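Note sheet for the following structure.
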Amino acid sequence: QVQLVESGGGLVQPGDSLRLSCAASGSTLDRYAIGWFRQAPGMVREGVGCISNSVTSDETIYYADSVKGRFTISRDSAKNTVFLQMDSLKPEDTALYSCAADAAYTYCAVGGDYDYWGQGTQVTVSS
């Protein structure tokens, strides 16, 4: 079983950047597809992007249209961590961001079902 902890959120201005981390313990994160999600107050949780596992498949990354070209997902196996680099942030990116893991995906699914979840880290974009 894998435990996930997100960090890196904060209050930034429009146009700024943040890098969120999803650190894992209890298992090797390379075995898992990782999804990034966000949920704004009063809104449905939204899939932001995902990265496939790096053990059984060629690593594949997908993004939601709302963040494509601005957000980048990457994996650091040595640190057992997946990152979400967020550039050109907009006020509408304000949300609680969470990562999730699942070992069942051959690739990954943006907004799909994942077994293991972190607690989330708050991102607020405001001038």
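If you're wondering about the labels, chains in the structure tokens are A, B, ... by order shown, residues count from 1 in each chain, ligands from 1 in order shown.
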**Request:** Would you please give, as a VMD selection string, all residues of stretch 65-119 of chain A that DSSP assigns to strand (DSSP E) based on the backbone?
**Result:** chain A and resid 71 to 76 81 to 86 95 to 102 116 to 117
**Prompt:** Which neighbours of A:Ser77 fall inside 7 Å, counting only C-alpha atoms, when residues of the same chain fewer than 3 positions from it are skipped, and could you give them as a list in words?
**Reply:** Asp30, Asn80 and Thr81 of chain A
Could you write out that same residue set with all heavy atoms as an mmCIF file, in the first residue's frame?
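Result went into part.cif, see below:
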data_model
loop_
_atom_site.group_PDB
_atom_site.id
_atom_site.type_symbol
_atom_site.label_atom_id
_atom_site.label_comp_id
_atom_site.auth_asym_id
_atom_site.auth_seq_id
_atom_site.Cartn_x
_atom_site.Cartn_y
_atom_site.Cartn_z
ATOM 1 N N ASP A 30 7.092 4.156 -8.933
ATOM 2 C CA ASP A 30 7.240 3.799 -10.340
ATOM 3 C C ASP A 30 6.208 2.765 -10.783
ATOM 4 O O ASP A 30 5.861 2.691 -11.955
ATOM 5 C CB ASP A 30 8.638 3.236 -10.611
ATOM 6 C CG ASP A 30 9.704 4.310 -10.602
ATOM 7 O OD1 ASP A 30 9.341 5.496 -10.508
ATOM 8 O OD2 ASP A 30 10.888 3.963 -10.694
ATOM 9 N N ASN A 80 11.197 9.170 -5.328
ATOM 10 C CA ASN A 80 9.881 8.533 -5.159
ATOM 11 C C ASN A 80 8.777 9.595 -5.140
ATOM 12 O O ASN A 80 7.862 9.563 -4.307
ATOM 13 C CB ASN A 80 9.821 7.690 -3.891
ATOM 14 C CG ASN A 80 8.944 6.461 -4.051
ATOM 15 O OD1 ASN A 80 8.751 5.951 -5.160
ATOM 16 N ND2 ASN A 80 8.408 5.975 -2.942
ATOM 17 N N THR A 81 8.883 10.525 -6.058
ATOM 18 C CA THR A 81 8.008 11.705 -6.075
ATOM 19 C C THR A 81 7.577 12.025 -7.505
ATOM 20 O O THR A 81 8.361 11.855 -8.449
ATOM 21 C CB THR A 81 8.752 12.924 -5.483
ATOM 22 O OG1 THR A 81 9.114 12.632 -4.128
ATOM 23 C CG2 THR A 81 7.883 14.169 -5.501
#
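Remark: for A:Gly49, the closest of the candidate residues A:Ala78, A:Ala95, A:Ala109, A:Met86 is A:Ala109 (distances computed over only C-alpha atoms).
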**Request:** Please indicate the distance in Å from atom CA of A:Tyr32 to atom CA of A:Gln85, rounded to one decimal place.
**Result:**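 Straight-line distance from atom CA of A:Tyr32 to atom CA of A:Gln85 works out to 19.3 Å.
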**Within 7 Å of A:Arg31 using only C-alpha atoms, minus same-chain residues under 2 positions, as a count of residues only** = 6
**Request:** Identify, on the basis of only C-alpha atoms, every residue whose closest approach to stretch 22-27 of chain A does not exceed 7 Å; exclude the query and any residue fewer than 2 positions from it along the same chain; express the result as a PyMOL selection string.
**Result:** chain A and resi 1-7+20+29+80-83+99
**Asked** Using only C-alpha atoms, which residues sit within 12 Å of A:Val48 once same-chain residues fewer than 2 positions away are excluded, as a VMD selection string?
**Response** chain A and resid 34 to 39 45 to 46 50 to 51 61 to 73 84 to 86 93 95 to 100 109 to 112
**Request:** DSSP on the backbone, then: every residue of stretch 41-110 of chain A marked helix (DSSP H, G or I), written as number ranges by chain.
**Result:** A: 77-79, 91-93
Would you export the selected residues with C-alpha atoms as a JSON list (two decimals), in the first residue's frame, please?
[["chain", "number", "residue", "atom", "x", "y", "z"],
["A", 77, "SER", "CA", 12.17, 7.92, -9.26],
["A", 78, "ALA", "CA", 15.14, 8.54, -6.99],
["A", 79, "LYS", "CA", 12.96, 10.76, -4.78],
["A", 91, "PRO", "CA", -7.37, 32.76, -10.79],
["A", 92, "GLU", "CA", -9.50, 29.88, -12.09],
["A", 93, "ASP", "CA", -6.68, 27.50, -11.16]]
**Item:** Residue nearest A:Gly9 - candidates A:Asp115, A:Thr106, A:Gly42, A:Thr94, atoms counted: only C-alpha atoms
**Value:**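 Comparing A:Asp115, A:Thr106, A:Gly42, A:Thr94 against A:Gly9, the winner is A:Thr94.
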